[in-house]
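S.K.: Structure: start.cif, mmCIF, C-alpha atoms.
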```
data_work
#
loop_
_atom_site.group_PDB
_atom_site.id
_atom_site.type_symbol
_atom_site.label_atom_id
_atom_site.label_comp_id
_atom_site.auth_asym_id
_atom_site.auth_seq_id
_atom_site.Cartn_x
_atom_site.Cartn_y
_atom_site.Cartn_z
ATOM 1 C CA MET P 1 -124.411 -146.711 -15.838
ATOM 2 C CA PHE P 2 -127.430 -144.797 -17.075
ATOM 3 C CA THR P 3 -127.438 -142.588 -20.137
ATOM 4 C CA LYS P 4 -129.938 -139.900 -20.933
ATOM 5 C CA GLU P 5 -131.124 -139.185 -24.416
ATOM 6 C CA PHE P 6 -133.424 -136.601 -25.944
ATOM 7 C CA VAL P 7 -135.797 -138.508 -28.281
ATOM 8 C CA PRO P 8 -138.704 -136.377 -29.539
ATOM 9 C CA CYS P 9 -141.615 -137.830 -31.510
ATOM 10 C CA ILE P 10 -143.458 -136.276 -34.430
ATOM 11 C CA TYR P 11 -146.972 -137.656 -34.945
ATOM 12 C CA LEU P 12 -147.923 -137.175 -38.622
ATOM 13 C CA TYR P 13 -151.623 -136.740 -39.305
ATOM 14 C CA HIS P 14 -152.883 -135.277 -42.600
ATOM 15 C CA GLU P 15 -149.353 -133.993 -43.370
ATOM 16 C CA HIS P 16 -149.139 -132.014 -40.121
ATOM 17 C CA ALA P 17 -147.446 -132.629 -36.789
ATOM 18 C CA VAL P 18 -150.081 -133.192 -34.084
ATOM 19 C CA LYS P 19 -149.923 -133.487 -30.280
ATOM 20 C CA SER P 20 -150.405 -137.239 -29.789
ATOM 21 C CA LEU P 21 -152.126 -140.389 -30.939
ATOM 22 C CA THR P 22 -155.310 -139.333 -29.172
ATOM 23 C CA ASP P 23 -155.125 -135.548 -29.636
ATOM 24 C CA THR P 24 -154.975 -134.374 -33.263
ATOM 25 C CA THR P 25 -154.516 -130.720 -32.379
ATOM 26 C CA VAL P 26 -151.976 -129.359 -34.862
ATOM 27 C CA VAL P 27 -148.617 -128.526 -33.284
ATOM 28 C CA ASP P 28 -147.008 -127.401 -36.549
ATOM 29 C CA THR P 29 -148.178 -127.391 -40.155
ATOM 30 C CA ASP P 30 -144.577 -127.953 -41.282
ATOM 31 C CA PRO P 31 -142.988 -131.038 -39.664
ATOM 32 C CA ILE P 32 -139.645 -130.150 -41.287
ATOM 33 C CA ARG P 33 -139.532 -126.996 -39.161
ATOM 34 C CA LEU P 34 -139.770 -129.208 -36.060
ATOM 35 C CA VAL P 35 -136.924 -131.406 -37.305
ATOM 36 C CA LYS P 36 -134.717 -128.333 -37.703
ATOM 37 C CA LEU P 37 -135.623 -127.272 -34.156
ATOM 38 C CA TYR P 38 -134.675 -130.726 -32.848
ATOM 39 C CA ASN P 39 -131.386 -130.525 -34.801
ATOM 40 C CA GLU P 40 -130.575 -127.208 -33.137
ATOM 41 C CA ASN P 41 -131.360 -128.662 -29.708
ATOM 42 C CA ASN P 42 -129.163 -131.751 -30.175
ATOM 43 C CA ALA P 43 -131.794 -134.483 -30.186
ATOM 44 C CA ASP P 44 -130.214 -137.932 -30.082
ATOM 45 C CA GLU P 45 -132.890 -139.666 -32.158
ATOM 46 C CA LEU P 46 -136.263 -138.823 -33.683
ATOM 47 C CA ILE P 47 -139.373 -140.981 -33.849
ATOM 48 C CA VAL P 48 -141.803 -140.244 -36.671
ATOM 49 C CA PHE P 49 -145.208 -141.862 -36.141
ATOM 50 C CA ASP P 50 -147.410 -142.152 -39.236
ATOM 51 C CA MET P 51 -151.098 -141.945 -38.268
ATOM 52 C CA SER P 52 -152.468 -142.223 -41.819
ATOM 53 C CA SER P 53 -155.309 -144.596 -42.544
ATOM 54 C CA GLU P 54 -155.763 -144.364 -46.326
ATOM 55 C CA ASP P 55 -153.309 -145.059 -49.143
ATOM 56 C CA ALA P 56 -153.164 -141.450 -50.380
ATOM 57 C CA GLU P 57 -152.460 -140.184 -46.847
ATOM 58 C CA HIS P 58 -149.836 -142.867 -46.422
ATOM 59 C CA GLU P 59 -148.060 -141.849 -49.637
ATOM 60 C CA ALA P 60 -147.988 -138.218 -48.478
ATOM 61 C CA ALA P 61 -146.653 -139.302 -45.074
ATOM 62 C CA LEU P 62 -143.894 -141.345 -46.742
ATOM 63 C CA ASP P 63 -142.866 -138.292 -48.779
ATOM 64 C CA ILE P 64 -142.672 -136.205 -45.610
ATOM 65 C CA MET P 65 -140.694 -138.940 -43.860
ATOM 66 C CA LYS P 66 -138.182 -138.933 -46.731
ATOM 67 C CA GLU P 67 -137.799 -135.153 -46.362
ATOM 68 C CA ILE P 68 -137.376 -135.556 -42.608
ATOM 69 C CA CYS P 69 -134.619 -138.134 -43.128
ATOM 70 C CA ALA P 70 -132.823 -135.799 -45.542
ATOM 71 C CA VAL P 71 -132.869 -132.907 -43.053
ATOM 72 C CA ALA P 72 -132.385 -134.766 -39.754
ATOM 73 C CA GLU P 73 -128.938 -134.774 -38.178
ATOM 74 C CA MET P 74 -129.872 -137.702 -35.932
ATOM 75 C CA ASP P 75 -131.149 -141.242 -36.367
ATOM 76 C CA VAL P 76 -134.796 -141.386 -37.471
ATOM 77 C CA ILE P 77 -137.119 -144.199 -36.429
ATOM 78 C CA GLY P 78 -140.297 -144.708 -38.456
ATOM 79 C CA ALA P 79 -143.334 -146.035 -36.600
ATOM 80 C CA GLY P 80 -147.067 -146.445 -36.994
ATOM 81 C CA ASN P 81 -148.554 -147.151 -40.384
ATOM 82 C CA VAL P 82 -145.248 -147.754 -42.142
ATOM 83 C CA LYS P 83 -145.994 -150.531 -44.636
ATOM 84 C CA ARG P 84 -142.908 -150.376 -46.833
#
```
Could you spell out this file's structure in structure tokens?
M.R.:
Amino acid sequence: MFTKEFVPCIYLYHEHAVKSLTDTTVVDTDPIRLVKLYNENNADELIVFDMSSEDAEHEAALDIMKEICAVAEMDVIGAGNVKR
């Protein structure tokens, strides 16, 4: 039996949500706003992809990921440049 799930992905780049790994066009300057939208639309899981390359960017991305986890009403999967 097949199941269908809604699993959006937020690509974090310079503290903003961007379109994809190859397109850094900003989708939303507040990733938390997207998480709330996904909560309202019953997402089953959420993937958060950290695209940072420097330590300072990575620290900021980790802070945002912590906020996302606090707000999300679904499982959150961290991906990308997650080192800790």
S.K.: Near Arg33 in chain P, counting all atoms listed in the file, which residues have an atom at most 12 Å away, once you skip same-chain residues fewer than 4 positions from it, shown as a list in words?
M.R.: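 The residues satisfying every condition are Ile10, His16, Ala17, Val27, Asp28, Thr29, Leu37, Tyr38, Asn39, Glu40, Ile64, Glu67, Ile68, Val71 and Ala72 of chain P.
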S.K.: Distance CA of Val35 in chain P-CA of Lys66 in chain P, one decimal place?
M.R.: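 Interatomic distance here is 12.1 Å.
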S.K.: On this structure, the PyMOL selection byres ((chain P and resi 42) around 10) would catch which residues? List them as a list in words, sorted by chain and number.
M.R.: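 Selected by the PyMOL selection byres ((chain P and resi 42) around 10) here: Glu5, Phe6, Val7, Lys36, Leu37, Tyr38, Asn39, Glu40, Asn41, Ala43, Asp44, Glu45, Glu73 and Met74 of chain P.
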S.K.: Looking at P:Asp30, P:Asp23, P:Asp75, P:Glu15, which one is nearest to Ala61 in chain P, with distances taken over only C-alpha atoms?
M.R.: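 Closest residue, counting only C-alpha atoms: P:Glu15.
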S.K.: Looking at only C-alpha atoms, which of P:Thr24, P:Met1, P:Val18, P:Gly78 is the one that sits closest to Leu62 in chain P?
M.R.: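 With only C-alpha atoms as the atom set, the closest residue is P:Gly78.
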S.K.: Considering all atoms listed in the file, state which residue in the set P:Ile77, P:His14, P:Lys19, P:Lys4 is at the smallest distance from Asp55 in chain P.
M.R.: P:His14
S.K.: Would you mind telling me which residue in P:Leu12, P:Leu34, P:Leu21, P:Met51 lies nearest to Met65 in chain P when using only C-alpha atoms?
M.R.: P:Leu12
S.K.: In Å, how far is it from CA of Ala70 in chain P to CA of Thr25 in chain P?
M.R.: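 CA of Ala70 in chain P sits 25.9 Å away from CA of Thr25 in chain P.
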S.K.: Start from the incomplete input, build all heavy atoms for range 59-70 of chain P, and deliver everything as a compact mmCIF listing (two decimals), in the coordinates of the input.
M.R.:
```txt
# COMPACT_ATOMS: atom_id res chain seq x y z
N GLU P 59 -149.05 -142.30 -48.65
CA GLU P 59 -148.06 -141.85 -49.64
C GLU P 59 -147.52 -140.47 -49.27
O GLU P 59 -146.31 -140.22 -49.36
CB GLU P 59 -148.66 -141.83 -51.05
CG GLU P 59 -148.90 -143.20 -51.63
CD GLU P 59 -147.64 -144.03 -51.76
OE1 GLU P 59 -146.57 -143.49 -52.14
OE2 GLU P 59 -147.71 -145.24 -51.47
N ALA P 60 -148.41 -139.56 -48.88
CA ALA P 60 -147.99 -138.22 -48.48
C ALA P 60 -147.09 -138.29 -47.24
O ALA P 60 -146.08 -137.59 -47.15
CB ALA P 60 -149.20 -137.34 -48.22
N ALA P 61 -147.46 -139.15 -46.29
CA ALA P 61 -146.65 -139.30 -45.07
C ALA P 61 -145.26 -139.85 -45.41
O ALA P 61 -144.26 -139.41 -44.83
CB ALA P 61 -147.37 -140.21 -44.08
N LEU P 62 -145.20 -140.81 -46.34
CA LEU P 62 -143.89 -141.34 -46.74
C LEU P 62 -143.02 -140.27 -47.37
O LEU P 62 -141.81 -140.22 -47.13
CB LEU P 62 -144.08 -142.51 -47.71
CG LEU P 62 -144.54 -143.82 -47.10
CD1 LEU P 62 -144.80 -144.85 -48.20
CD2 LEU P 62 -143.53 -144.36 -46.11
N ASP P 63 -143.62 -139.39 -48.18
CA ASP P 63 -142.87 -138.29 -48.78
C ASP P 63 -142.31 -137.37 -47.70
O ASP P 63 -141.16 -136.95 -47.76
CB ASP P 63 -143.73 -137.50 -49.76
CG ASP P 63 -144.05 -138.28 -51.03
OD1 ASP P 63 -143.33 -139.27 -51.32
OD2 ASP P 63 -145.02 -137.92 -51.72
N ILE P 64 -143.12 -137.06 -46.71
CA ILE P 64 -142.67 -136.21 -45.61
C ILE P 64 -141.57 -136.90 -44.82
O ILE P 64 -140.57 -136.27 -44.43
CB ILE P 64 -143.85 -135.82 -44.70
CG1 ILE P 64 -144.80 -134.90 -45.45
CG2 ILE P 64 -143.35 -135.14 -43.42
CD1 ILE P 64 -146.11 -134.63 -44.74
N MET P 65 -141.71 -138.19 -44.60
CA MET P 65 -140.69 -138.94 -43.86
C MET P 65 -139.36 -138.95 -44.61
O MET P 65 -138.29 -138.86 -44.00
CB MET P 65 -141.17 -140.36 -43.57
CG MET P 65 -142.30 -140.39 -42.56
SD MET P 65 -143.04 -142.00 -42.33
CE MET P 65 -141.91 -142.69 -41.13
N LYS P 66 -139.41 -139.01 -45.93
CA LYS P 66 -138.18 -138.93 -46.73
C LYS P 66 -137.52 -137.57 -46.57
O LYS P 66 -136.30 -137.47 -46.43
CB LYS P 66 -138.48 -139.20 -48.20
CG LYS P 66 -138.82 -140.64 -48.50
CD LYS P 66 -139.21 -140.82 -49.95
CE LYS P 66 -139.74 -142.22 -50.22
NZ LYS P 66 -140.23 -142.37 -51.60
N GLU P 67 -138.33 -136.50 -46.58
CA GLU P 67 -137.80 -135.15 -46.36
C GLU P 67 -137.18 -135.03 -44.97
O GLU P 67 -136.12 -134.43 -44.80
CB GLU P 67 -138.90 -134.11 -46.52
CG GLU P 67 -139.37 -133.89 -47.93
CD GLU P 67 -140.46 -132.81 -47.99
OE1 GLU P 67 -140.18 -131.69 -47.53
OE2 GLU P 67 -141.56 -133.12 -48.45
N ILE P 68 -137.87 -135.59 -43.99
CA ILE P 68 -137.38 -135.56 -42.61
C ILE P 68 -136.02 -136.24 -42.53
O ILE P 68 -135.08 -135.71 -41.93
CB ILE P 68 -138.39 -136.21 -41.65
CG1 ILE P 68 -139.59 -135.28 -41.46
CG2 ILE P 68 -137.75 -136.55 -40.31
CD1 ILE P 68 -140.75 -135.89 -40.70
N CYS P 69 -135.89 -137.40 -43.15
CA CYS P 69 -134.62 -138.13 -43.13
C CYS P 69 -133.50 -137.34 -43.80
O CYS P 69 -132.35 -137.40 -43.37
CB CYS P 69 -134.78 -139.49 -43.80
SG CYS P 69 -135.75 -140.65 -42.82
N ALA P 70 -133.83 -136.59 -44.84
CA ALA P 70 -132.82 -135.80 -45.54
C ALA P 70 -132.33 -134.63 -44.69
O ALA P 70 -131.16 -134.24 -44.79
CB ALA P 70 -133.39 -135.29 -46.86
```
